[in-house]
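Student: What follows is input.txt, compact mmCIF, C-alpha atoms.
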# COMPACT_ATOMS: atom_id res chain seq x y z
CA GLU A 9 -66.33 -16.91 -21.47
CA GLU A 10 -69.79 -18.53 -21.48
CA ASN A 11 -71.54 -15.13 -21.16
CA ILE A 12 -69.53 -13.73 -24.05
CA ALA A 13 -70.61 -16.65 -26.25
CA THR A 14 -74.27 -16.86 -25.24
CA ILE A 15 -75.16 -13.21 -24.66
CA GLY A 16 -73.15 -11.94 -27.59
CA LEU A 17 -70.89 -9.57 -25.71
CA ARG A 18 -67.83 -8.27 -27.52
CA VAL A 19 -64.66 -7.36 -25.65
CA PHE A 20 -62.22 -4.94 -27.25
CA THR A 21 -58.69 -5.21 -25.92
CA SER A 22 -55.46 -3.29 -26.29
CA LEU A 23 -53.53 -6.42 -27.21
CA ASP A 24 -51.51 -6.04 -30.42
CA PRO A 25 -51.36 -9.39 -32.29
CA GLY A 26 -48.09 -8.47 -34.01
CA VAL A 27 -46.39 -7.51 -30.74
CA GLN A 28 -47.86 -10.59 -29.04
CA LEU A 29 -46.45 -12.95 -31.66
CA LEU A 30 -43.09 -11.17 -31.51
CA ALA A 31 -42.95 -11.47 -27.71
CA GLU A 32 -43.85 -15.16 -27.85
CA LYS A 33 -41.22 -15.84 -30.52
CA GLN A 34 -38.43 -13.98 -28.75
CA LEU A 35 -39.15 -15.60 -25.38
CA VAL A 36 -39.37 -19.16 -26.71
CA GLU A 37 -36.26 -18.80 -28.86
CA GLY A 38 -34.40 -17.09 -26.05
CA LEU A 39 -35.24 -19.83 -23.55
CA GLN A 40 -34.18 -22.50 -26.01
CA ARG A 41 -30.88 -20.69 -26.53
CA LEU A 42 -30.25 -20.19 -22.81
CA GLN A 43 -31.33 -23.66 -21.65
CA PRO A 44 -28.26 -25.60 -20.42
CA GLU A 45 -27.87 -28.80 -22.43
CA ASP A 46 -26.91 -30.86 -19.38
CA GLU A 47 -29.87 -29.82 -17.23
CA ALA A 48 -33.28 -31.48 -17.23
CA ALA A 49 -34.87 -28.59 -15.32
CA VAL A 50 -36.58 -26.28 -17.75
CA LEU A 51 -35.98 -22.55 -17.82
CA GLU A 52 -39.19 -20.55 -17.80
CA GLY A 53 -39.93 -16.93 -18.55
CA ALA A 54 -42.49 -14.19 -18.93
CA VAL A 55 -42.87 -11.00 -20.96
CA VAL A 56 -45.09 -7.94 -20.56
CA VAL A 57 -45.16 -5.15 -23.16
CA THR A 58 -47.03 -1.90 -22.51
CA GLN A 59 -47.68 1.53 -23.96
CA PRO A 60 -46.76 3.76 -20.99
CA ALA A 61 -48.68 6.88 -22.06
CA THR A 62 -52.04 5.06 -22.12
CA GLY A 63 -51.42 2.13 -19.78
CA ALA A 64 -52.35 -0.25 -22.58
CA VAL A 65 -51.03 -3.80 -22.33
CA LEU A 66 -49.88 -4.69 -25.84
CA ALA A 67 -48.59 -8.20 -25.17
CA MET A 68 -48.29 -10.70 -22.36
CA VAL A 69 -46.55 -14.09 -22.37
CA GLY A 70 -46.90 -16.27 -19.29
CA GLY A 71 -44.42 -19.04 -20.14
CA ARG A 72 -42.64 -20.99 -22.86
CA GLU A 73 -45.80 -23.04 -23.61
CA VAL A 74 -47.49 -19.99 -25.09
CA ALA A 75 -50.72 -21.74 -26.12
CA ALA A 76 -51.29 -23.48 -22.79
CA ASP A 77 -53.84 -22.38 -20.21
CA GLY A 78 -52.89 -22.42 -16.56
CA PHE A 79 -50.24 -20.65 -14.50
CA ASN A 80 -49.48 -17.26 -16.00
CA ARG A 81 -46.03 -16.24 -14.78
CA ALA A 82 -46.45 -12.70 -16.11
CA LEU A 83 -49.27 -12.15 -13.61
CA ASP A 84 -48.68 -14.64 -10.81
CA ALA A 85 -44.97 -15.47 -10.54
CA LYS A 86 -43.91 -13.13 -7.76
CA ARG A 87 -40.13 -13.23 -7.58
CA PRO A 88 -37.34 -11.16 -5.98
CA VAL A 89 -36.61 -8.24 -8.32
CA GLY A 90 -33.01 -7.60 -7.34
CA SER A 91 -31.44 -4.52 -8.87
CA LEU A 92 -34.64 -3.54 -10.69
CA ILE A 93 -35.49 -1.68 -7.48
CA LYS A 94 -32.39 0.54 -7.59
CA PRO A 95 -33.74 3.29 -9.89
CA PHE A 96 -36.37 4.04 -7.25
CA VAL A 97 -33.65 4.42 -4.60
CA TYR A 98 -32.01 7.04 -6.82
CA LEU A 99 -35.37 8.67 -7.54
CA ALA A 100 -35.87 9.13 -3.79
CA ALA A 101 -32.53 10.94 -3.64
CA LEU A 102 -33.27 13.12 -6.67
CA GLN A 103 -36.71 14.08 -5.38
CA SER A 104 -35.26 15.14 -2.04
CA GLY A 105 -33.64 18.11 -3.73
CA GLU A 106 -30.34 17.31 -2.03
CA TYR A 107 -28.83 15.23 -4.81
CA THR A 108 -28.23 15.17 -8.53
CA LEU A 109 -26.63 12.31 -10.45
CA ALA A 110 -23.40 14.34 -10.36
CA ASN A 111 -23.23 14.07 -6.57
CA THR A 112 -21.10 11.32 -5.08
CA ALA A 113 -21.54 8.42 -2.72
CA GLU A 114 -19.03 6.15 -1.05
CA ASP A 115 -18.93 2.69 -2.58
CA ALA A 116 -17.40 0.99 0.42
CA PRO A 117 -18.33 -1.74 2.88
CA THR A 118 -21.00 -0.87 5.41
CA GLU A 119 -22.66 -2.77 8.23
CA VAL A 120 -26.33 -2.38 9.04
CA VAL A 121 -27.59 -3.64 12.39
CA MET A 122 -30.95 -5.33 11.95
CA GLU A 123 -33.82 -5.44 14.45
CA ASN A 124 -32.84 -8.97 15.48
CA GLY A 125 -29.33 -7.78 16.34
CA ARG A 126 -27.68 -9.36 13.33
CA THR A 127 -25.60 -7.31 10.92
CA TRP A 128 -26.08 -7.05 7.19
CA SER A 129 -23.02 -6.30 5.05
CA PRO A 130 -23.91 -6.04 1.35
CA GLU A 131 -21.22 -6.66 -1.24
CA ASN A 132 -20.86 -5.64 -4.85
CA PHE A 133 -21.31 -8.21 -7.60
CA SER A 134 -17.57 -8.05 -8.33
CA LEU A 135 -16.73 -8.33 -4.59
CA GLU A 136 -14.74 -5.11 -5.05
CA SER A 137 -15.36 -1.60 -3.73
CA HIS A 138 -14.79 1.52 -5.81
CA GLY A 139 -14.51 4.37 -3.34
CA GLU A 140 -16.04 7.76 -4.09
CA VAL A 141 -18.24 7.48 -7.20
CA SER A 142 -20.89 9.66 -8.80
CA LEU A 143 -24.48 8.58 -8.42
CA LEU A 144 -24.59 8.24 -12.21
CA GLN A 145 -21.69 5.80 -12.16
CA ALA A 146 -23.16 3.87 -9.24
CA LEU A 147 -26.51 3.53 -11.02
CA ALA A 148 -25.01 2.60 -14.40
CA ALA A 149 -22.68 -0.01 -12.92
CA SER A 150 -25.26 -1.15 -10.32
CA TYR A 151 -22.97 -0.81 -7.31
CA ASN A 152 -24.68 -2.32 -4.28
CA GLN A 153 -22.65 -0.62 -1.57
CA ALA A 154 -23.09 2.91 -2.91
CA THR A 155 -26.81 2.28 -3.44
CA VAL A 156 -27.30 1.05 0.12
CA ARG A 157 -25.44 4.03 1.57
CA LEU A 158 -27.58 6.39 -0.51
CA GLY A 159 -30.79 4.59 0.39
CA LEU A 160 -30.02 4.66 4.10
CA ALA A 161 -29.34 8.40 3.85
CA THR A 162 -32.70 9.10 2.19
CA GLY A 163 -34.60 6.51 4.26
CA VAL A 164 -35.97 3.09 3.43
CA GLU A 165 -39.46 4.36 4.30
CA THR A 166 -39.12 6.93 1.50
CA LEU A 167 -38.50 4.10 -0.95
CA VAL A 168 -41.60 2.27 0.31
CA ASP A 169 -43.68 5.43 -0.17
CA ILE A 170 -42.46 5.77 -3.76
CA LEU A 171 -43.27 2.14 -4.59
CA VAL A 172 -46.78 2.53 -3.18
CA ALA A 173 -47.31 5.78 -5.11
CA PHE A 174 -46.16 3.99 -8.27
CA GLY A 175 -48.80 1.29 -7.78
CA ILE A 176 -47.53 -1.51 -5.55
CA GLU A 177 -50.66 -2.83 -3.80
CA GLU A 178 -49.01 -4.13 -0.63
CA PRO A 179 -46.29 -1.95 0.93
CA PRO A 180 -43.17 -4.07 1.43
CA PRO A 181 -41.50 -4.09 4.87
CA ALA A 182 -39.05 -1.20 5.24
CA PHE A 183 -36.04 -3.44 5.81
CA PRO A 184 -32.64 -2.22 4.54
CA SER A 185 -32.47 -5.23 2.20
CA LEU A 186 -35.33 -3.66 0.23
CA LEU A 187 -32.72 -1.24 -1.14
CA LEU A 188 -31.25 -4.15 -3.12
CA GLY A 189 -34.56 -5.61 -4.25
CA ALA A 190 -35.64 -7.93 -1.44
CA VAL A 191 -39.28 -7.76 -2.53
CA ASP A 192 -41.28 -10.26 -4.60
CA LEU A 193 -43.12 -8.82 -7.60
CA ALA A 194 -44.70 -10.29 -10.71
CA PRO A 195 -43.54 -9.09 -14.15
CA PHE A 196 -46.88 -7.29 -14.52
CA ASP A 197 -46.19 -5.36 -11.29
CA VAL A 198 -42.72 -4.39 -12.52
CA ALA A 199 -44.22 -3.22 -15.81
CA GLY A 200 -46.51 -0.89 -13.88
CA LEU A 201 -43.58 0.61 -11.95
CA TYR A 202 -41.43 1.17 -15.00
CA SER A 203 -44.31 2.41 -17.16
CA THR A 204 -44.64 5.30 -14.72
CA LEU A 205 -40.94 6.06 -15.10
CA ALA A 206 -41.30 5.93 -18.88
CA ASN A 207 -44.27 8.32 -18.59
CA ASP A 208 -42.23 10.99 -16.74
CA GLY A 209 -43.70 10.21 -13.34
CA PHE A 210 -47.36 10.15 -14.43
CA ARG A 211 -49.04 6.89 -13.44
CA THR A 212 -51.64 5.32 -15.69
CA PRO A 213 -52.88 1.94 -14.35
CA LEU A 214 -52.23 -0.89 -16.78
CA THR A 215 -55.23 -2.43 -18.52
CA ALA A 216 -55.84 -4.82 -21.40
CA VAL A 217 -59.58 -4.20 -21.85
CA ARG A 218 -60.67 -1.07 -23.65
CA SER A 219 -64.44 -1.65 -23.73
CA VAL A 220 -67.26 -4.22 -23.64
CA VAL A 221 -70.29 -3.80 -25.93
CA ASP A 222 -73.59 -5.70 -26.21
CA THR A 223 -75.24 -7.23 -29.28
CA ALA A 224 -76.60 -3.83 -30.29
CA GLY A 225 -73.15 -2.29 -30.17
CA GLN A 226 -73.92 -0.30 -27.05
CA PRO A 227 -71.02 0.03 -24.60
CA LEU A 228 -71.60 -1.71 -21.28
CA THR A 229 -68.30 -0.55 -19.87
CA ARG A 230 -65.39 1.47 -21.09
CA THR A 231 -61.98 1.89 -19.54
CA ALA A 232 -61.14 5.55 -19.05
CA ILE A 233 -57.51 6.63 -19.06
CA GLU A 234 -56.62 7.72 -15.54
CA VAL A 235 -53.45 9.75 -15.09
CA ASP A 236 -51.99 10.70 -11.72
CA GLN A 237 -48.75 12.57 -11.16
CA VAL A 238 -46.91 10.52 -8.55
CA ALA A 239 -43.34 11.80 -8.96
CA ASP A 240 -41.48 14.99 -9.81
CA PRO A 241 -41.14 14.99 -13.64
CA ASN A 242 -37.77 16.76 -13.42
CA ALA A 243 -36.39 14.12 -11.08
CA VAL A 244 -37.77 11.32 -13.26
CA HIS A 245 -36.27 12.94 -16.37
CA GLN A 246 -32.86 13.06 -14.72
CA LEU A 247 -33.21 9.45 -13.55
CA ASN A 248 -34.19 8.30 -17.03
CA ARG A 249 -31.07 9.93 -18.44
CA GLY A 250 -29.19 7.77 -15.97
CA LEU A 251 -31.03 4.70 -17.22
CA VAL A 252 -29.92 5.59 -20.74
CA GLU A 253 -26.35 5.55 -19.39
CA VAL A 254 -27.04 2.06 -18.02
CA MET A 255 -27.60 0.98 -21.61
CA GLN A 256 -24.67 2.91 -23.05
CA GLN A 257 -21.90 2.23 -20.56
CA GLY A 258 -23.34 0.14 -17.73
CA THR A 259 -24.84 -3.27 -17.14
CA GLY A 260 -27.11 -3.03 -20.19
CA ARG A 261 -24.42 -2.20 -22.73
CA SER A 262 -24.52 -5.66 -24.36
CA SER A 263 -27.89 -4.64 -25.86
CA LYS A 264 -26.06 -2.45 -28.38
CA ALA A 265 -25.27 -5.58 -30.39
CA PHE A 266 -28.99 -5.96 -31.17
CA LEU A 267 -30.34 -2.40 -31.31
CA PRO A 268 -30.21 0.21 -34.10
CA GLU A 269 -27.53 2.81 -33.41
CA ASP A 270 -30.03 5.68 -33.45
CA LEU A 271 -32.47 4.03 -31.01
CA VAL A 272 -32.29 5.57 -27.53
CA VAL A 273 -33.30 3.10 -24.84
CA ALA A 274 -33.41 3.28 -21.05
CA GLY A 275 -33.48 0.30 -18.75
CA LYS A 276 -32.13 -1.71 -15.85
CA THR A 277 -30.91 -5.25 -15.29
CA GLY A 278 -31.90 -7.26 -12.25
CA THR A 279 -30.44 -10.41 -10.73
CA SER A 280 -31.63 -12.03 -7.51
CA ASP A 281 -29.53 -13.93 -4.98
CA GLU A 282 -27.67 -16.98 -6.28
CA PHE A 283 -28.74 -16.14 -9.85
CA ARG A 284 -32.25 -17.48 -9.26
CA ASP A 285 -33.97 -14.74 -11.27
CA SER A 286 -32.85 -12.87 -14.37
CA TRP A 287 -34.73 -9.63 -15.06
CA PHE A 288 -34.71 -6.75 -17.48
CA ALA A 289 -37.04 -3.75 -17.69
CA GLY A 290 -36.59 -1.04 -20.29
CA PHE A 291 -38.32 1.37 -22.61
CA SER A 292 -38.02 3.46 -25.73
CA GLY A 293 -40.57 5.64 -27.46
CA ASP A 294 -44.04 4.10 -27.20
CA HIS A 295 -42.96 0.72 -25.86
CA LEU A 296 -41.92 -0.65 -22.50
CA ALA A 297 -41.08 -4.29 -21.99
CA VAL A 298 -40.28 -6.41 -18.94
CA VAL A 299 -38.68 -9.86 -19.22
CA TRP A 300 -38.21 -12.41 -16.43
CA ILE A 301 -36.34 -15.71 -16.73
CA GLY A 302 -35.99 -18.29 -13.98
CA ARG A 303 -37.07 -21.73 -12.81
CA ASP A 304 -40.42 -22.70 -11.32
CA ASP A 305 -38.70 -24.68 -8.55
CA ASN A 306 -36.79 -21.53 -7.49
CA GLU A 307 -33.44 -23.21 -8.05
CA PRO A 308 -30.68 -21.01 -9.54
CA ALA A 309 -31.13 -20.26 -13.23
CA GLY A 310 -27.44 -19.37 -13.44
CA LEU A 311 -28.08 -16.15 -15.36
CA THR A 312 -27.54 -12.49 -14.62
CA GLY A 313 -30.07 -9.99 -15.88
CA ALA A 314 -27.73 -9.08 -18.73
CA ALA A 315 -26.93 -12.66 -19.76
CA GLY A 316 -30.54 -13.83 -19.66
CA ALA A 317 -33.49 -11.43 -19.76
CA LEU A 318 -31.66 -8.67 -21.62
CA SER A 319 -30.78 -11.08 -24.45
CA VAL A 320 -34.54 -11.60 -24.98
CA TRP A 321 -35.54 -7.96 -24.46
CA ALA A 322 -33.04 -6.35 -26.85
CA PRO A 323 -33.97 -8.12 -30.13
CA MET A 324 -37.65 -7.77 -29.26
CA MET A 325 -37.25 -4.03 -28.71
CA ALA A 326 -35.25 -3.73 -31.93
CA ALA A 327 -38.07 -5.39 -33.87
CA MET A 328 -40.63 -2.96 -32.39
CA ALA A 329 -38.53 0.13 -33.14
Represent the structure of the file as structure tokens.
Tutor:
Amino acid sequence: EENIATIGLRVFTSLDPGVQLLAEKQLVEGLQRLQPEDEAAVLEGAVVVTQPATGAVLAMVGGREVAADGFNRALDAKRPVGSLIKPFVYLAALQSGEYTLANTAEDAPTEVVMENGRTWSPENFSLESHGEVSLLQALAASYNQATVRLGLATGVETLVDILVAFGIEEPPPAFPSLLLGAVDLAPFDVAGLYSTLANDGFRTPLTAVRSVVDTAGQPLTRTAIEVDQVADPNAVHQLNRGLVEVMQQGTGRSSKAFLPEDLVVAGKTGTSDEFRDSWFAGFSGDHLAVVWIGRDDNEPAGLTGAAGALSVWAPMMAAMA
């Protein structure tokens, strides 16, 4: 900051003031609306909005005190992502060539023996099983048991490889629980993953700085757009159609109350154990947005992804349409 002031450097960013103000407004109002009246603990949140085709960061909100310096939850609050990981489990299956979303999986109890000898028996959110279901139905309704069975069939290591290819810096351990989102990521990290989905499997690293110029207007540095194909575009296209179904008939269907009827959106809800974290990531057209809501003390926020983060994401996306 001192060099910029004394040397006269100018930094040109991709931040869009209109989108930034919108994101701040929607997050603050949403947190005020969702805050339980009988609780002193304050709900916090974060928002990241990107342009997937260019990797440009259009807006970033690191907490409800939008003008305060300090801890930026959008960058530094690494939290369990829950069901936000599931689309990448289905992408692994689609890329294998052995599955389409019309194929079926058994949504039934399963036991996984861990390395320590203990067993892991995931349950669905409703505590009910649904038998033979299509992969499309399992994705849209976010069935845990069907997802785990599919992920074990394609391999947890395959999921790790996809996450690394999509930009995760540190490969998460290939434990079966990863299939249901047992990995801590910041909202900015999630935005990078989903931006690649929104860009048909072509990864463009996220950046907020376009260029830096000196007092004479000469560029000292310029950010080039880097594009790498990291997934099969056909598989990603099919997956994204499934994420549209999430919004039409699945866990994201409550968004229809906020969105224009002709706006096609794709996205996924996420809820971590004991309702500690409420997530939503989704995209339409030129915009992708990720919203996280939770508590800094890691106590339960009491919100699913649909009840919390989606209620902030949907009106924001409607205003950007």
Student: Do a neighbour search on Ala13 in chain A at 12 Å with only C-alpha atoms, toss out local chain neighbours closer than 5 positions, and write the hits as a short mmCIF file (atom, residue, chain, number, x, y, z; two decimals) with C-alpha atoms, in the coordinates of the input.
Tutor:
data_model
loop_
_atom_site.label_atom_id
_atom_site.label_comp_id
_atom_site.auth_asym_id
_atom_site.auth_seq_id
_atom_site.Cartn_x
_atom_site.Cartn_y
_atom_site.Cartn_z
CA ARG A 18 -67.83 -8.27 -27.52
CA VAL A 19 -64.66 -7.36 -25.65
CA ASP A 222 -73.59 -5.70 -26.21
CA THR A 223 -75.24 -7.23 -29.28
#
Student: Please return as a list in words every residue within 7 Å of (-25.8, 1.9, -13.9), taking into account all atoms listed in the file and the file's own coordinates.
Tutor: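 Result, sorted by chain then residue number: Leu144, Gln145, Ala146, Leu147, Ala148, Ala149, Ser150, Leu251, Glu253, Val254, Gly258 and Thr259 of chain A.
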Student: Using all atoms listed in the file, which protein or nucleic acid residues come within 8 Å of Val89 in chain A? Drop anything in the same chain fewer than 4 positions from it, and give the result as number ranges by chain.
Tutor: A: 93, 189-193, 278-280, 285, 287
Student: From the options A:Val272, A:Ala309, A:Ala76, A:Ile233, which residue's atoms come nearest to Arg284 in chain A, counting only C-alpha atoms?
Tutor: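 Answer, going by the shortest atom-to-atom distance: A:Ala309.
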Student: Hey, which of A:Leu186, A:Ala265, A:Ala326, A:Ala232 ends up closest to Ser91 in chain A? Count only C-alpha atoms.
Tutor: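 Using only C-alpha atoms, the shortest distance to Ser91 in chain A belongs to A:Leu186.
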Student: Considering only C-alpha atoms, can you say which of A:Val252, A:Leu187, A:Leu30, A:Ala173 comes closest to Gln153 in chain A?
Tutor: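 Comparing A:Val252, A:Leu187, A:Leu30, A:Ala173 against Gln153 in chain A, the winner is A:Leu187.
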Student: Would you pick out the contacts of range 205-209 of chain A at 7 Å or less, using all atoms listed in the file, so that residues sharing its chain but fewer than 5 positions from it are not included, and give the list as a PyMOL selection string?
Tutor: chain A and resi 60-61+237-241+244-245+291
Student: Output range 162-186 of chain A as a PDB file, in the frame of the given file, making sure N, CA, C and O atoms are there.
Tutor:
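The file below, rebuild-v4.pdb, is the result:
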ATOM      1  N   THR A 162     -31.395   8.529   2.547  1.00  0.00           N
ATOM      2  CA  THR A 162     -32.700   9.100   2.190  1.00  0.00           C
ATOM      3  C   THR A 162     -33.845   8.413   2.928  1.00  0.00           C
ATOM      4  O   THR A 162     -34.940   8.970   3.002  1.00  0.00           O
ATOM      5  N   GLY A 163     -33.588   7.213   3.464  1.00  0.00           N
ATOM      6  CA  GLY A 163     -34.600   6.510   4.260  1.00  0.00           C
ATOM      7  C   GLY A 163     -35.290   5.407   3.491  1.00  0.00           C
ATOM      8  O   GLY A 163     -35.799   5.639   2.380  1.00  0.00           O
ATOM      9  N   VAL A 164     -35.309   4.219   4.081  1.00  0.00           N
ATOM     10  CA  VAL A 164     -35.970   3.090   3.430  1.00  0.00           C
ATOM     11  C   VAL A 164     -37.476   3.347   3.341  1.00  0.00           C
ATOM     12  O   VAL A 164     -38.131   2.943   2.376  1.00  0.00           O
ATOM     13  N   GLU A 165     -38.027   4.049   4.327  1.00  0.00           N
ATOM     14  CA  GLU A 165     -39.460   4.360   4.300  1.00  0.00           C
ATOM     15  C   GLU A 165     -39.812   5.227   3.088  1.00  0.00           C
ATOM     16  O   GLU A 165     -40.913   5.105   2.531  1.00  0.00           O
ATOM     17  N   THR A 166     -38.881   6.091   2.684  1.00  0.00           N
ATOM     18  CA  THR A 166     -39.120   6.930   1.500  1.00  0.00           C
ATOM     19  C   THR A 166     -39.248   6.057   0.259  1.00  0.00           C
ATOM     20  O   THR A 166     -40.100   6.304  -0.605  1.00  0.00           O
ATOM     21  N   LEU A 167     -38.419   5.033   0.176  1.00  0.00           N
ATOM     22  CA  LEU A 167     -38.500   4.100  -0.950  1.00  0.00           C
ATOM     23  C   LEU A 167     -39.848   3.381  -0.946  1.00  0.00           C
ATOM     24  O   LEU A 167     -40.479   3.234  -2.006  1.00  0.00           O
ATOM     25  N   VAL A 168     -40.301   2.942   0.216  1.00  0.00           N
ATOM     26  CA  VAL A 168     -41.600   2.270   0.310  1.00  0.00           C
ATOM     27  C   VAL A 168     -42.708   3.202  -0.176  1.00  0.00           C
ATOM     28  O   VAL A 168     -43.598   2.799  -0.942  1.00  0.00           O
ATOM     29  N   ASP A 169     -42.663   4.465   0.247  1.00  0.00           N
ATOM     30  CA  ASP A 169     -43.680   5.430  -0.170  1.00  0.00           C
ATOM     31  C   ASP A 169     -43.700   5.605  -1.689  1.00  0.00           C
ATOM     32  O   ASP A 169     -44.775   5.714  -2.301  1.00  0.00           O
ATOM     33  N   ILE A 170     -42.532   5.628  -2.309  1.00  0.00           N
ATOM     34  CA  ILE A 170     -42.460   5.770  -3.760  1.00  0.00           C
ATOM     35  C   ILE A 170     -43.070   4.550  -4.444  1.00  0.00           C
ATOM     36  O   ILE A 170     -43.848   4.674  -5.404  1.00  0.00           O
ATOM     37  N   LEU A 171     -42.735   3.362  -3.977  1.00  0.00           N
ATOM     38  CA  LEU A 171     -43.270   2.140  -4.590  1.00  0.00           C
ATOM     39  C   LEU A 171     -44.789   2.088  -4.483  1.00  0.00           C
ATOM     40  O   LEU A 171     -45.476   1.691  -5.432  1.00  0.00           O
ATOM     41  N   VAL A 172     -45.324   2.507  -3.348  1.00  0.00           N
ATOM     42  CA  VAL A 172     -46.780   2.530  -3.180  1.00  0.00           C
ATOM     43  C   VAL A 172     -47.400   3.559  -4.119  1.00  0.00           C
ATOM     44  O   VAL A 172     -48.421   3.299  -4.771  1.00  0.00           O
ATOM     45  N   ALA A 173     -46.793   4.739  -4.219  1.00  0.00           N
ATOM     46  CA  ALA A 173     -47.310   5.780  -5.110  1.00  0.00           C
ATOM     47  C   ALA A 173     -47.283   5.313  -6.569  1.00  0.00           C
ATOM     48  O   ALA A 173     -48.159   5.666  -7.362  1.00  0.00           O
ATOM     49  N   PHE A 174     -46.289   4.490  -6.904  1.00  0.00           N
ATOM     50  CA  PHE A 174     -46.160   3.990  -8.270  1.00  0.00           C
ATOM     51  C   PHE A 174     -47.067   2.797  -8.545  1.00  0.00           C
ATOM     52  O   PHE A 174     -47.114   2.311  -9.673  1.00  0.00           O
ATOM     53  N   GLY A 175     -47.782   2.297  -7.515  1.00  0.00           N
ATOM     54  CA  GLY A 175     -48.800   1.290  -7.780  1.00  0.00           C
ATOM     55  C   GLY A 175     -48.666  -0.041  -7.107  1.00  0.00           C
ATOM     56  O   GLY A 175     -49.488  -0.935  -7.345  1.00  0.00           O
ATOM     57  N   ILE A 176     -47.631  -0.240  -6.263  1.00  0.00           N
ATOM     58  CA  ILE A 176     -47.530  -1.510  -5.550  1.00  0.00           C
ATOM     59  C   ILE A 176     -48.679  -1.623  -4.553  1.00  0.00           C
ATOM     60  O   ILE A 176     -48.879  -0.740  -3.723  1.00  0.00           O
ATOM     61  N   GLU A 177     -49.443  -2.704  -4.621  1.00  0.00           N
ATOM     62  CA  GLU A 177     -50.660  -2.830  -3.800  1.00  0.00           C
ATOM     63  C   GLU A 177     -50.344  -3.027  -2.320  1.00  0.00           C
ATOM     64  O   GLU A 177     -50.996  -2.440  -1.462  1.00  0.00           O
ATOM     65  N   GLU A 178     -49.358  -3.865  -2.020  1.00  0.00           N
ATOM     66  CA  GLU A 178     -49.010  -4.130  -0.630  1.00  0.00           C
ATOM     67  C   GLU A 178     -47.651  -3.523  -0.327  1.00  0.00           C
ATOM     68  O   GLU A 178     -46.649  -3.925  -0.915  1.00  0.00           O
ATOM     69  N   PRO A 179     -47.589  -2.550   0.602  1.00  0.00           N
ATOM     70  CA  PRO A 179     -46.290  -1.950   0.930  1.00  0.00           C
ATOM     71  C   PRO A 179     -45.323  -3.004   1.465  1.00  0.00           C
ATOM     72  O   PRO A 179     -45.667  -3.739   2.391  1.00  0.00           O
ATOM     73  N   PRO A 180     -44.139  -3.101   0.905  1.00  0.00           N
ATOM     74  CA  PRO A 180     -43.170  -4.070   1.430  1.00  0.00           C
ATOM     75  C   PRO A 180     -42.599  -3.582   2.750  1.00  0.00           C
ATOM     76  O   PRO A 180     -42.592  -2.380   3.030  1.00  0.00           O
ATOM     77  N   PRO A 181     -42.130  -4.498   3.608  1.00  0.00           N
ATOM     78  CA  PRO A 181     -41.500  -4.090   4.870  1.00  0.00           C
ATOM     79  C   PRO A 181     -40.306  -3.186   4.604  1.00  0.00           C
ATOM     80  O   PRO A 181     -39.541  -3.410   3.649  1.00  0.00           O
ATOM     81  N   ALA A 182     -40.129  -2.179   5.445  1.00  0.00           N
ATOM     82  CA  ALA A 182     -39.050  -1.200   5.240  1.00  0.00           C
ATOM     83  C   ALA A 182     -37.743  -1.711   5.829  1.00  0.00           C
ATOM     84  O   ALA A 182     -37.108  -1.054   6.668  1.00  0.00           O
ATOM     85  N   PHE A 183     -37.320  -2.890   5.387  1.00  0.00           N
ATOM     86  CA  PHE A 183     -36.040  -3.440   5.810  1.00  0.00           C
ATOM     87  C   PHE A 183     -34.943  -2.894   4.896  1.00  0.00           C
ATOM     88  O   PHE A 183     -35.184  -2.652   3.695  1.00  0.00           O
ATOM     89  N   PRO A 184     -33.725  -2.722   5.397  1.00  0.00           N
ATOM     90  CA  PRO A 184     -32.640  -2.220   4.540  1.00  0.00           C
ATOM     91  C   PRO A 184     -32.414  -3.061   3.285  1.00  0.00           C
ATOM     92  O   PRO A 184     -32.020  -2.536   2.243  1.00  0.00           O
ATOM     93  N   SER A 185     -32.674  -4.365   3.367  1.00  0.00           N
ATOM     94  CA  SER A 185     -32.470  -5.230   2.200  1.00  0.00           C
ATOM     95  C   SER A 185     -33.383  -4.873   1.038  1.00  0.00           C
ATOM     96  O   SER A 185     -33.118  -5.262  -0.108  1.00  0.00           O
ATOM     97  N   LEU A 186     -34.454  -4.121   1.315  1.00  0.00           N
ATOM     98  CA  LEU A 186     -35.330  -3.660   0.230  1.00  0.00           C
ATOM     99  C   LEU A 186     -34.558  -2.804  -0.759  1.00  0.00           C
ATOM    100  O   LEU A 186     -34.879  -2.769  -1.952  1.00  0.00           O
TER     101      LEU A 186
END
